[in-house]
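> Following this message is one structure expressed as structure tokens.
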Amino acid sequence: QVQLVESGGGSVQAGGSHVLACKASGSAYNDYCMAWFRAPPETGREGIAFIDNNGVTSYSYTIKGRFTISRDSAENMVYLVMNNLKPEDTADYYCAAKPCAETAYDIWGQGTRVTVSA
């Protein structure tokens with residue numbers, strides 16, 4: 001079972017950039033698909049960036065072109081680089097994992113908050 005710990009939350013001004021990191025521990029990390037989800041205030045959690053165990057990525061239309069997900073399999077890390085941040089990107093951001101053969105993401109980090117000020 002993989003365990004996840006996010007880091008890098010904080011405050012940033014609109015138009016700026018920020019990077020979130022997620023450290024995965026446990027066995028079989030390279031068999032897992034990874035993702036970033038976010039939950040804006042008073043809103044449900046949405047998946048925004050996904051990467052499989054071959055490095056293939058996909059993105060939600062809300063952040064496509066501004067955010068980039070990547071993984072470092074040697075270090076068991078997943079990153080989310082966020083550029084051109086907007087106030088509506090303010091949210092709790094969660095790293096998530098699932099065995100790539102499974103459908104649903106069911107392993108979650110504790111979350112880290114990003115606040116974007118105008």
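Every chain in the structure tokens has a letter given in the order shown (A, B, ...), and although residue numbers restart at 1 in each chain, ligands are simply numbered from 1 in the order shown.
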Show me, as a VMD selection string, the residues that have an atom within 8 Å of Val114 (chain A) when counting only C-alpha atoms, minus same-chain residues fewer than 3 positions from it.
chain A and resid 9 to 12 89 to 93
> Excluding region 54-67 of chain A and its own-chain neighbours fewer than 3 positions away, which residues fall within 9 Å of it when counting only C-alpha atoms? Please give them as a PyMOL selection string.
chain A and resi 30+33+46-51+70-71+80-85+89
> Store the residues picked out above, limited to C-alpha atoms, as a compact mmCIF listing (two decimals), in the first residue's frame.

# COMPACT_ATOMS: atom_id res chain seq x y z
CA ASN A 30 5.79 2.26 -10.14
CA CYS A 33 -1.26 5.92 -11.44
CA GLU A 46 -12.28 17.58 -8.66
CA GLY A 47 -9.51 15.77 -10.49
CA ILE A 48 -7.29 18.18 -12.38
CA ALA A 49 -4.10 16.37 -13.44
CA PHE A 50 -3.31 12.71 -14.03
CA ILE A 51 -0.19 10.70 -14.86
CA SER A 70 5.24 15.02 -13.51
CA ARG A 71 6.67 12.11 -11.58
CA LEU A 80 2.36 19.83 -9.83
CA VAL A 81 3.82 22.95 -11.41
CA MET A 82 1.21 25.71 -11.46
CA ASN A 83 1.70 28.76 -13.67
CA ASN A 84 -0.39 31.85 -14.28
CA LEU A 85 -2.35 31.24 -11.10
CA ASP A 89 -7.31 28.28 -8.23
> For region 19-25 of chain A, please output as an NGL selection string all residues within 8 Å (counting only C-alpha atoms; exclusion window: fewer than 4 positions along the same chain).
:A and (2-9 or 29 or 76-82 or 95)
> Give me a file of those residues, with N, CA, C and O atoms, as a compact mmCIF listing (two decimals), in the first residue's frame.

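Final file, part.txt:
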# COMPACT_ATOMS: atom_id res chain seq x y z
N VAL A 2 0.51 2.20 -0.83
CA VAL A 2 1.25 3.46 -0.94
C VAL A 2 0.68 4.47 0.05
O VAL A 2 -0.54 4.55 0.24
N GLN A 3 1.55 5.22 0.68
CA GLN A 3 1.15 6.36 1.52
C GLN A 3 1.65 7.64 0.86
O GLN A 3 2.72 7.64 0.25
N LEU A 4 0.87 8.73 1.00
CA LEU A 4 1.17 9.98 0.30
C LEU A 4 1.24 11.14 1.28
O LEU A 4 0.39 11.26 2.16
N VAL A 5 2.24 12.00 1.07
CA VAL A 5 2.37 13.22 1.87
C VAL A 5 2.65 14.38 0.93
O VAL A 5 3.66 14.38 0.23
N GLU A 6 1.74 15.38 0.93
CA GLU A 6 1.93 16.56 0.09
C GLU A 6 2.73 17.62 0.84
O GLU A 6 2.72 17.68 2.07
N SER A 7 3.35 18.49 0.06
CA SER A 7 4.01 19.66 0.61
C SER A 7 3.99 20.77 -0.43
O SER A 7 3.78 20.51 -1.62
N GLY A 8 4.22 21.99 0.05
CA GLY A 8 4.35 23.11 -0.87
C GLY A 8 3.20 24.09 -0.89
O GLY A 8 3.23 25.07 -1.62
N GLY A 9 2.18 23.86 -0.10
CA GLY A 9 1.07 24.80 -0.07
C GLY A 9 1.51 26.15 0.44
O GLY A 9 2.56 26.30 1.10
N TYR A 29 5.28 1.42 -6.04
CA TYR A 29 4.91 2.78 -6.48
C TYR A 29 4.84 2.85 -7.99
O TYR A 29 3.97 3.52 -8.56
N ASN A 76 10.27 8.53 -6.01
CA ASN A 76 8.87 8.32 -5.58
C ASN A 76 8.17 9.65 -5.32
O ASN A 76 7.48 9.82 -4.30
N MET A 77 8.35 10.58 -6.23
CA MET A 77 7.76 11.90 -6.09
C MET A 77 6.82 12.21 -7.26
O MET A 77 7.04 11.74 -8.39
N VAL A 78 5.81 13.00 -6.98
CA VAL A 78 4.93 13.55 -8.00
C VAL A 78 4.86 15.06 -7.76
O VAL A 78 4.77 15.51 -6.61
N TYR A 79 4.90 15.81 -8.84
CA TYR A 79 4.92 17.26 -8.74
C TYR A 79 3.75 17.86 -9.52
O TYR A 79 3.27 17.29 -10.50
N LEU A 80 3.33 19.04 -9.07
CA LEU A 80 2.36 19.83 -9.83
C LEU A 80 2.92 21.23 -9.94
O LEU A 80 2.99 21.96 -8.94
N VAL A 81 3.33 21.61 -11.15
CA VAL A 81 3.82 22.95 -11.41
C VAL A 81 2.63 23.78 -11.88
O VAL A 81 1.96 23.44 -12.86
N MET A 82 2.38 24.87 -11.18
CA MET A 82 1.21 25.71 -11.46
C MET A 82 1.69 27.08 -11.91
O MET A 82 2.40 27.76 -11.15
N CYS A 95 -2.93 15.01 -3.35
CA CYS A 95 -2.29 13.98 -4.16
C CYS A 95 -3.08 12.68 -4.00
O CYS A 95 -3.56 12.38 -2.88
> What is the CA of Tyr94 (chain A)-CA of Ile69 (chain A) distance in Å, reported with one decimal?
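Separating CA of Tyr94 (chain A) from CA of Ile69 (chain A) is a distance of 12.8 Å.
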> For Ala97 (chain A), find every residue with an atom within 6 Å (counting only C-alpha atoms), except residues of its own chain fewer than 3 positions away, and show them as number ranges by chain.
A: 33-34, 105, 107
> Give me a file of those residues, with N, CA, C and O atoms, as a PDB file, in the first residue's frame.

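Wrote result_9.pdb, looks like this:
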ATOM      1  N   CYS A  33      -0.919   4.683 -10.762  1.00  0.00           N
ATOM      2  CA  CYS A  33      -1.257   5.917 -11.440  1.00  0.00           C
ATOM      3  C   CYS A  33      -1.446   6.996 -10.381  1.00  0.00           C
ATOM      4  O   CYS A  33      -1.993   6.719  -9.309  1.00  0.00           O
ATOM      5  N   MET A  34      -0.996   8.211 -10.691  1.00  0.00           N
ATOM      6  CA  MET A  34      -1.010   9.300  -9.731  1.00  0.00           C
ATOM      7  C   MET A  34      -1.839  10.464 -10.272  1.00  0.00           C
ATOM      8  O   MET A  34      -1.996  10.614 -11.491  1.00  0.00           O
ATOM      9  N   TYR A 105      -9.504   6.357  -7.730  1.00  0.00           N
ATOM     10  CA  TYR A 105      -8.432   6.754  -6.837  1.00  0.00           C
ATOM     11  C   TYR A 105      -8.915   6.585  -5.403  1.00  0.00           C
ATOM     12  O   TYR A 105      -9.939   7.162  -5.021  1.00  0.00           O
ATOM     13  N   ILE A 107      -6.410   6.219  -2.628  1.00  0.00           N
ATOM     14  CA  ILE A 107      -5.330   6.523  -1.696  1.00  0.00           C
ATOM     15  C   ILE A 107      -5.085   8.026  -1.777  1.00  0.00           C
ATOM     16  O   ILE A 107      -4.860   8.561  -2.862  1.00  0.00           O
TER      17      ILE A 107
END
> Which is closer to Asp31 (chain A) than all the others in A:Thr115, A:Trp108, A:Ser17, A:Gln1, using only C-alpha atoms?
A:Gln1
> I need the residues of chain A that end up classed as strand (DSSP E) by DSSP on the backbone, written out as a PyMOL selection string.
chain A and resi 3-7+10-13+18-25+32-39+46-51+57-59+67-72+77-82+91-99+107-108+112-117
> So what do you get for CA of Ala96 (chain A) versus CA of Gly109 (chain A), distance-wise?
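For CA of Ala96 (chain A) relative to CA of Gly109 (chain A), the distance reads 6.4 Å.
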> Which of these, A:Ala74, A:Ala14, A:Cys100, A:Ala35, has the shortest distance to Asn53 (chain A) once you count only C-alpha atoms?
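For Asn53 (chain A), the nearest of the candidates is A:Cys100.
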> Quote the spacing between CA of Ala39 (chain A) and CA of His18 (chain A) in Å to one decimal place.
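Going from CA of Ala39 (chain A) over to CA of His18 (chain A) covers 17.0 Å.
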> Hey, which of A:Lys98, A:Gly15, A:Gly26, A:Phe37 ends up closest to Arg113 (chain A)? Count only C-alpha atoms.
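For Arg113 (chain A), the nearest of the candidates is A:Phe37.
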